[in-house]
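S.K.: Got a structure for you, questions after.
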Amino acid sequence: MLRFVTIRLLRAGLTVLSVMTFAFVVLRMSGDPAQVLLGPDVPQNIVQDFRDRWGLDDPIWRQYLSYLRAMLQGDFGLSMRDRSPAIDLVVERIPATLQLTIPALILQLALGIPAGIYAALKRGTLADRGVIVMAIIGFTVPSFVMGLLLVLVFAVVLGALPSGGASSWQHAILPVLTMSIGGIGVLARFSRSAMIEVMGQPYIRTASAKGVRWSDVVRKHALPNAAVPIVTIVGFMVGSLIAGAIIVETIFSWPGMGRLLIVSVTNRDLAVVQCILLLVAAVMVVSNLTVDLLYGWIDPRLRQAPPTH
Amino acid sequence: MQLSLFWLVAMIACAIFVDVLRPFPITQMNLGTRLAPPGTPGHWLGTDELGRDVLSRLIQSVRSSLVIAFGATLLSAFFGTLLGFMAAKFRGVVEHVVVMLADFQAALPFLIMSLAVLAFFGSSMPLLVCLMGFYGWERYARITRGLAISANAQGYAAAVVQLGATPSRVYLRHILPNVASTLIVSMTLTFPEIILMESSLSFLGLGVQPPDTSLGNMVGFGREYLTTAPWIMLSPATVIVLTTLAISLAGDWLRDRLDPTLDSIS
Amino acid sequence: MSPLLEARELVRIYETRRGLLGRSAEVRAVDGVSLRLRRGETLGVVGESGSGKSTLGRMLLGIDAAQHGTVCIDGATMPNPGTGDWRALRARIQMIYQDPLAALDRRLSVAQQLREPLDIHRIGDVESRTQRIRDMMQSVGLRLDQTDKFPHELSGGQRQRVVIARALMTEPELLVCDEPVSALDVSIQAQVVNLLADLQRDRRLGMVFISHDLKVVRNLCDRVAVMYLGRIVEEGPADTIFVDPQHPYTQALVSSVPQPGRALDSRIILQGEPPNPGNRPPGCAFHPRCH
């Protein structure tokens, strides 16, 4: 187990390093970092100060190391907009984004997994078909279309809910719905097929042939085994939630990190873009690591021979 | 199934014969007929805020979206297969590098990585295709690596090596044709995802740039007129949904026909 | 004159990781094996599964490099795998596999399978290649109307004939057969063994025949080597080994072959399991099971 955890931790560290390297390469390829990160019309003394601090006159490998050190210290440069540190701007927006993503994730888990398991146990029923239709919607309707349709129905036609802004809890309903509907379908379909796969295994037949109560077969034998693939997909869903937040916050004018990213990309406020990039990468690495460790905990086989992929 | 194939053929026909089919040039404005609703004679799907014909723009958009998705799918299949084969051939260090790249990809939601790159370099058509070409490569890499390793372990590839074949002969003449059907099925999975990715970027105003048009950016501009002229946004949205749905269904059908073992990879 | 094949002190060790902290253990799959094969001679290698006989076969062909020891073909040292010399040498040394369906590219017709070695080693022109393919199909007992068949359209025995034909296309001098009949129906096995015996005699092939089937080995081979846990415990002419085995392991193996007119209860039943190869007993590895 120790070895398993060490390898996973090493890989996570390496991944963070590779994302930072990616940011460094992209930054270097697009021009002089002092210009890029500080913007065009900055007083000469600030530029020189930045050049000294980042060691921009040093050889490239020293720059790379200084860059890594700056990143680790949270120095991402200044936002073009009001010259405040990029990291402060980003951190300020985090709570708003969490207000959408956390309820959406909870909704997905709380509805998607049970729906999928139920569908697997009651194959061919109306509920089962419903899960499949939901999944198809999840795969084919992009979130910007889903969001706009919800606005059209609930805000424009029915006038029941606000179409944008963040001043009350009602404002969060449509964004959270938009983010979770597709995910619920995807998660449900995935749990359904994982469960069906497990239910076809010989040990399930053995257990029910032994006379174990059906509910115990499902609870003690089927669910723990179906959990492994479901955990994987949940790892992926965190990524798609973050990506989804960008689009949903844009549609609903929600003042979160996603909207900040779009505004910064449009204005080429690169210090902020870079900061968000690294922050998201850190969140994803932690979430993937959690999934990996959870795996090891659920499935003892994976602890012994770490698969190369 | 027939319906989805019919739809796909219609879409491809749109993309190929766009110049013949399109009733109006996509930039032709007619301020006299602004925001005409669908059903207006001459403008069957209505007009937008500048009086441009929605149907014409739609046909043009189908072409840009399909061309980008097609180019990107080929690129990503090429990359992924190459990396997968290299990992299978050289194992060791190369394999670790490929795993590291896949970890990297998993650590950055693709949309965010694309946004960052577009922020630094600005948006252009070639960059967009290349960027989308990085989408989904790890799926091909994983599949080709696995199949190549098992073919090399004790299968036909090992036998051909023992006959004295060079590695390029083994990979190009034997392993590649054997994994081709699996690759094609995977492409039907990647293709709709790339369409969605490109339309999301274009919707955000960072993909295809005006005066060019794509399905996503039509939805993006139509959004402003959601209350007064919802058709501007609804028709491209419908096309996106139907196209991705049709490709997924066609892909399922292909998978059943070509490769029943692939069921668990999705 | 140097022997066709000479192996000296071959060693192949696999590392396996055991335990959660990854203490690695050595599995000595092949542990100091030496053998010689003359032109036109057949050598049987027998042993139970896990005795290292398949690994030995791959090392003799140079597919797995030896970690210690040397393999010489016709007096010349085996080139490293993946080099041009190694590939060129494939024309002279060939292999027959246990599972013919896995060893054939399922997209290629019989004729294409057989053309492959000629293309690779650039032998003959288009016409002479076609002629050679026809001749070879006849000599391995395939019908000419099967030229355009695909592997899945053939029976197991026919597939193995294709594999054999493919191996012989470049007229090799050495053939290593790794359990060539054990995946086939019993009724087909004899046909394929007879085919191999005929081909070996007609073409004066040097042949290493790896098998756990003692009857087959006795019928086919001039000499026999008995492997146990990566080592050859006994080697000699087939008649001597089968009539008067010296090593207790060989005695047990030989006694397990049913013979007409001998009661089954004279079998020697070995006690216990073969030891874990990662933890081989000191001295003679067989001693814990010796009677």
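Starting from 1 in every chain, residues are counted up; chains themselves are A, B, ... following the order of the structure tokens, and ligands are numbered from 1 as listed.
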Once you count only C-alpha atoms, what closest atom pair and distance in Å to one decimal does each residue of chain A within 8 Å of chain B have, with rows by chain and rising residue number, as a tab-separated table?
M.R.:
residue	atom	partner	partner_atom	distance
A:Arg11	CA	B:Met100	CA	7.7
A:Leu14	CA	B:Met100	CA	7.6
A:Thr15	CA	B:Phe104	CA	5.5
A:Val16	CA	B:Phe104	CA	7.9
A:Ser18	CA	B:Phe104	CA	6.6
A:Val19	CA	B:Phe104	CA	6.5
A:Val26	CA	B:Val117	CA	7.3
A:Leu27	CA	B:Phe120	CA	7.3
A:Ser30	CA	B:Phe120	CA	6.1
A:Ile136	CA	B:Leu245	CA	7.6
A:Thr140	CA	B:Val241	CA	5.5
A:Val141	CA	B:Val241	CA	5.4
A:Pro142	CA	B:Leu196	CA	6.2
A:Phe144	CA	B:Ser200	CA	7.1
A:Val145	CA	B:Ala237	CA	6.2
A:Leu148	CA	B:Arg223	CA	7.4
A:Leu152	CA	B:Leu226	CA	7.0
A:Val156	CA	B:Thr227	CA	6.3
A:Gly239	CA	B:Pro109	CA	5.4
A:Ser240	CA	B:Pro109	CA	6.7
A:Ile242	CA	B:Pro109	CA	7.3
A:Ala243	CA	B:Leu111	CA	6.0
A:Ile247	CA	B:Leu204	CA	7.3
A:Thr250	CA	B:Leu204	CA	7.9
A:Ile262	CA	B:Leu204	CA	7.6
A:Val265	CA	B:Ala119	CA	4.8
A:Thr266	CA	B:Ala119	CA	7.0
A:Arg268	CA	B:Ala119	CA	5.6
A:Leu270	CA	B:Phe120	CA	7.1
A:Val273	CA	B:Ala116	CA	6.3
A:Gln274	CA	B:Ala116	CA	7.2
A:Leu277	CA	B:Ile112	CA	7.0
A:Val280	CA	B:Leu108	CA	6.9
A:Ala281	CA	B:Ala107	CA	5.1
A:Ala282	CA	B:Ala107	CA	7.6
A:Met284	CA	B:Ala107	CA	5.0
A:Val285	CA	B:Ala107	CA	5.5
A:Asn288	CA	B:Ala107	CA	7.7
A:Thr308	CA	B:Val99	CA	7.5
A:His309	CA	B:Val99	CA	7.0
S.K.: Can you write just those residues out, N, CA and C atoms, as a compact mmCIF listing (two decimals), in the first residue's frame?
M.R.:
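What landed in again_20.txt:
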# COMPACT_ATOMS: atom_id res chain seq x y z
N ARG A 11 3.49 10.59 -9.22
CA ARG A 11 2.87 10.91 -10.51
C ARG A 11 2.11 12.22 -10.43
N LEU A 14 4.54 15.04 -10.55
CA LEU A 14 5.07 15.16 -11.90
C LEU A 14 4.06 15.85 -12.81
N THR A 15 2.78 15.55 -12.59
CA THR A 15 1.74 16.15 -13.42
C THR A 15 1.67 17.65 -13.18
N VAL A 16 1.73 18.06 -11.90
CA VAL A 16 1.71 19.49 -11.60
C VAL A 16 2.91 20.15 -12.27
N SER A 18 4.43 19.17 -14.93
CA SER A 18 4.27 19.23 -16.38
C SER A 18 3.30 20.33 -16.78
N VAL A 19 2.28 20.57 -15.95
CA VAL A 19 1.37 21.67 -16.27
C VAL A 19 2.11 23.01 -16.15
N VAL A 26 4.26 27.90 -23.12
CA VAL A 26 3.30 28.73 -23.84
C VAL A 26 3.61 30.20 -23.62
N LEU A 27 3.96 30.54 -22.39
CA LEU A 27 4.27 31.92 -22.04
C LEU A 27 5.47 32.41 -22.84
N SER A 30 4.85 32.98 -26.57
CA SER A 30 3.98 34.06 -27.00
C SER A 30 4.62 35.43 -26.81
N ILE A 136 -28.59 9.91 -23.14
CA ILE A 136 -28.39 10.39 -24.51
C ILE A 136 -28.40 11.92 -24.52
N THR A 140 -25.39 14.32 -25.88
CA THR A 140 -25.52 15.05 -27.14
C THR A 140 -25.92 16.51 -27.01
N VAL A 141 -26.51 16.91 -25.89
CA VAL A 141 -26.90 18.31 -25.78
C VAL A 141 -25.80 19.07 -25.05
N PRO A 142 -25.12 19.97 -25.74
CA PRO A 142 -24.05 20.71 -25.07
C PRO A 142 -24.64 21.62 -24.00
N PHE A 144 -24.26 24.66 -23.27
CA PHE A 144 -24.75 26.00 -23.61
C PHE A 144 -26.14 25.94 -24.22
N VAL A 145 -26.44 24.86 -24.95
CA VAL A 145 -27.78 24.71 -25.51
C VAL A 145 -28.77 24.41 -24.39
N LEU A 148 -29.49 27.60 -22.42
CA LEU A 148 -30.35 28.54 -23.11
C LEU A 148 -31.78 28.03 -23.20
N LEU A 152 -35.02 29.84 -21.83
CA LEU A 152 -36.16 30.08 -22.71
C LEU A 152 -37.46 29.62 -22.04
N VAL A 156 -38.06 32.98 -19.88
CA VAL A 156 -38.74 33.77 -20.90
C VAL A 156 -40.22 33.41 -20.99
N GLY A 239 -13.78 17.10 -13.67
CA GLY A 239 -13.21 17.88 -14.76
C GLY A 239 -14.28 18.53 -15.61
N SER A 240 -15.33 17.75 -15.95
CA SER A 240 -16.34 18.32 -16.84
C SER A 240 -17.17 19.37 -16.09
N ILE A 242 -15.90 21.52 -13.91
CA ILE A 242 -15.13 22.76 -13.98
C ILE A 242 -15.27 23.39 -15.35
N ALA A 243 -15.16 22.55 -16.40
CA ALA A 243 -15.33 23.08 -17.75
C ALA A 243 -16.74 23.62 -17.93
N ILE A 247 -18.91 27.73 -19.04
CA ILE A 247 -20.00 28.05 -19.96
C ILE A 247 -21.23 28.53 -19.20
N THR A 250 -20.98 31.97 -17.87
CA THR A 250 -21.11 32.96 -18.95
C THR A 250 -22.57 33.18 -19.30
N ILE A 262 -13.16 33.73 -18.97
CA ILE A 262 -13.58 34.16 -20.31
C ILE A 262 -13.24 35.62 -20.53
N VAL A 265 -9.55 35.94 -20.96
CA VAL A 265 -9.08 35.45 -22.25
C VAL A 265 -9.40 36.48 -23.32
N THR A 266 -10.62 37.01 -23.28
CA THR A 266 -11.01 37.98 -24.29
C THR A 266 -10.13 39.23 -24.23
N ARG A 268 -7.14 39.28 -23.08
CA ARG A 268 -5.75 38.82 -23.02
C ARG A 268 -5.07 39.24 -21.72
N LEU A 270 -3.31 37.91 -19.33
CA LEU A 270 -2.73 36.57 -19.30
C LEU A 270 -2.30 36.12 -17.91
N VAL A 273 -5.26 34.37 -16.58
CA VAL A 273 -5.49 33.11 -17.28
C VAL A 273 -4.55 32.04 -16.74
N GLN A 274 -3.28 32.43 -16.62
CA GLN A 274 -2.27 31.47 -16.17
C GLN A 274 -2.56 31.00 -14.75
N LEU A 277 -5.41 28.57 -14.83
CA LEU A 277 -4.93 27.32 -15.42
C LEU A 277 -4.27 26.45 -14.36
N VAL A 280 -6.76 25.26 -11.56
CA VAL A 280 -7.61 24.16 -12.02
C VAL A 280 -6.80 22.87 -12.07
N ALA A 281 -5.58 22.97 -12.59
CA ALA A 281 -4.74 21.78 -12.67
C ALA A 281 -4.52 21.21 -11.27
N ALA A 282 -4.27 22.07 -10.30
CA ALA A 282 -4.04 21.60 -8.94
C ALA A 282 -5.28 20.87 -8.41
N MET A 284 -7.62 19.43 -10.17
CA MET A 284 -7.81 18.18 -10.89
C MET A 284 -6.84 17.11 -10.42
N VAL A 285 -5.59 17.52 -10.18
CA VAL A 285 -4.59 16.54 -9.73
C VAL A 285 -5.03 15.97 -8.38
N ASN A 288 -7.98 13.64 -9.06
CA ASN A 288 -7.57 12.37 -9.66
C ASN A 288 -6.82 11.50 -8.67
N THR A 308 0.38 0.15 -15.51
CA THR A 308 1.06 1.28 -16.15
C THR A 308 0.05 2.20 -16.80
N HIS A 309 -1.07 1.61 -17.23
CA HIS A 309 -2.20 2.50 -17.39
C HIS A 309 -3.51 1.82 -17.19
S.K.: What residues in chain C have any atom no more than 10 Å from chain B when counting only C-alpha atoms, and can you write them as a PyMOL selection string?
M.R.: chain C and resi 61-63+81-108+113+116-121+163+166-167+170
S.K.: Write a file of the selected residues as a short mmCIF file (atom, residue, chain, number, x, y, z; two decimals), in the first residue's frame, keeping C-alpha atoms.
M.R.:
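Written output follows (out20.cif):
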data_model
loop_
_atom_site.label_atom_id
_atom_site.label_comp_id
_atom_site.auth_asym_id
_atom_site.auth_seq_id
_atom_site.Cartn_x
_atom_site.Cartn_y
_atom_site.Cartn_z
CA LEU C 61 16.12 -18.61 -31.47
CA GLY C 62 17.52 -15.41 -30.01
CA ILE C 63 14.02 -13.92 -29.44
CA PRO C 81 17.52 -8.97 -31.29
CA GLY C 82 16.32 -6.13 -33.50
CA THR C 83 19.51 -5.84 -35.56
CA GLY C 84 19.69 -6.39 -39.31
CA ASP C 85 21.87 -9.48 -38.80
CA TRP C 86 19.31 -10.91 -36.41
CA ARG C 87 16.54 -10.40 -38.96
CA ALA C 88 18.61 -11.87 -41.81
CA LEU C 89 19.32 -14.96 -39.71
CA ARG C 90 15.55 -15.61 -39.44
CA ALA C 91 15.69 -17.11 -42.94
CA ARG C 92 17.76 -19.96 -41.46
CA ILE C 93 16.05 -20.53 -38.11
CA GLN C 94 12.30 -20.73 -37.73
CA MET C 95 9.63 -21.49 -35.19
CA ILE C 96 6.34 -23.40 -34.98
CA TYR C 97 3.85 -22.12 -32.42
CA GLN C 98 1.43 -23.74 -30.06
CA ASP C 99 -1.61 -21.76 -31.18
CA PRO C 100 -1.64 -21.44 -34.98
CA LEU C 101 -4.63 -19.10 -35.02
CA ALA C 102 -2.82 -16.57 -32.84
CA ALA C 103 0.35 -16.90 -34.90
CA LEU C 104 -1.37 -16.01 -38.19
CA ASP C 105 -2.46 -12.52 -39.19
CA ARG C 106 -6.18 -13.14 -39.55
CA ARG C 107 -6.55 -10.63 -42.38
CA LEU C 108 -4.22 -12.46 -44.76
CA GLN C 113 0.79 -15.67 -45.33
CA GLU C 116 5.40 -12.95 -46.35
CA PRO C 117 8.81 -14.60 -45.66
CA LEU C 118 9.74 -14.43 -49.35
CA ASP C 119 8.92 -10.72 -49.44
CA ILE C 120 10.82 -10.05 -46.24
CA HIS C 121 13.97 -11.84 -47.36
CA VAL C 163 2.26 -22.11 -39.98
CA ARG C 166 5.33 -20.44 -43.70
CA ALA C 167 8.26 -21.43 -41.50
CA THR C 170 12.93 -19.79 -46.70
#
S.K.: DSSP on the backbone, helix (DSSP H, G or I) only: what residues of stretch 7-162 of chain B does that give? Format it as an MDAnalysis selection string.
M.R.: chainID B and resid 7:16 18:21 31:33 54:90 92:107 110:121 125:133 137:153 156:162
S.K.: With distances taken over only C-alpha atoms, which residue among A:Trp214, A:Arg3, A:Gln63, A:Ile46 lies nearest A:Arg28?
M.R.: A:Gln63
S.K.: Hey, what's within 10 Å of C:Lys53 if we count only C-alpha atoms and toss same-chain stuff fewer than 6 positions away? As a ChimeraX atom specification, please?
M.R.: /C:29-30,45-47,59,178-179,209-212,225-232
S.K.: Between atom CA of C:Asp135 and atom CA of C:Asp202, what is the distance, to one decimal in Å?
M.R.: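 We find that atom CA of C:Asp135 and atom CA of C:Asp202 lie 14.4 Å from each other.
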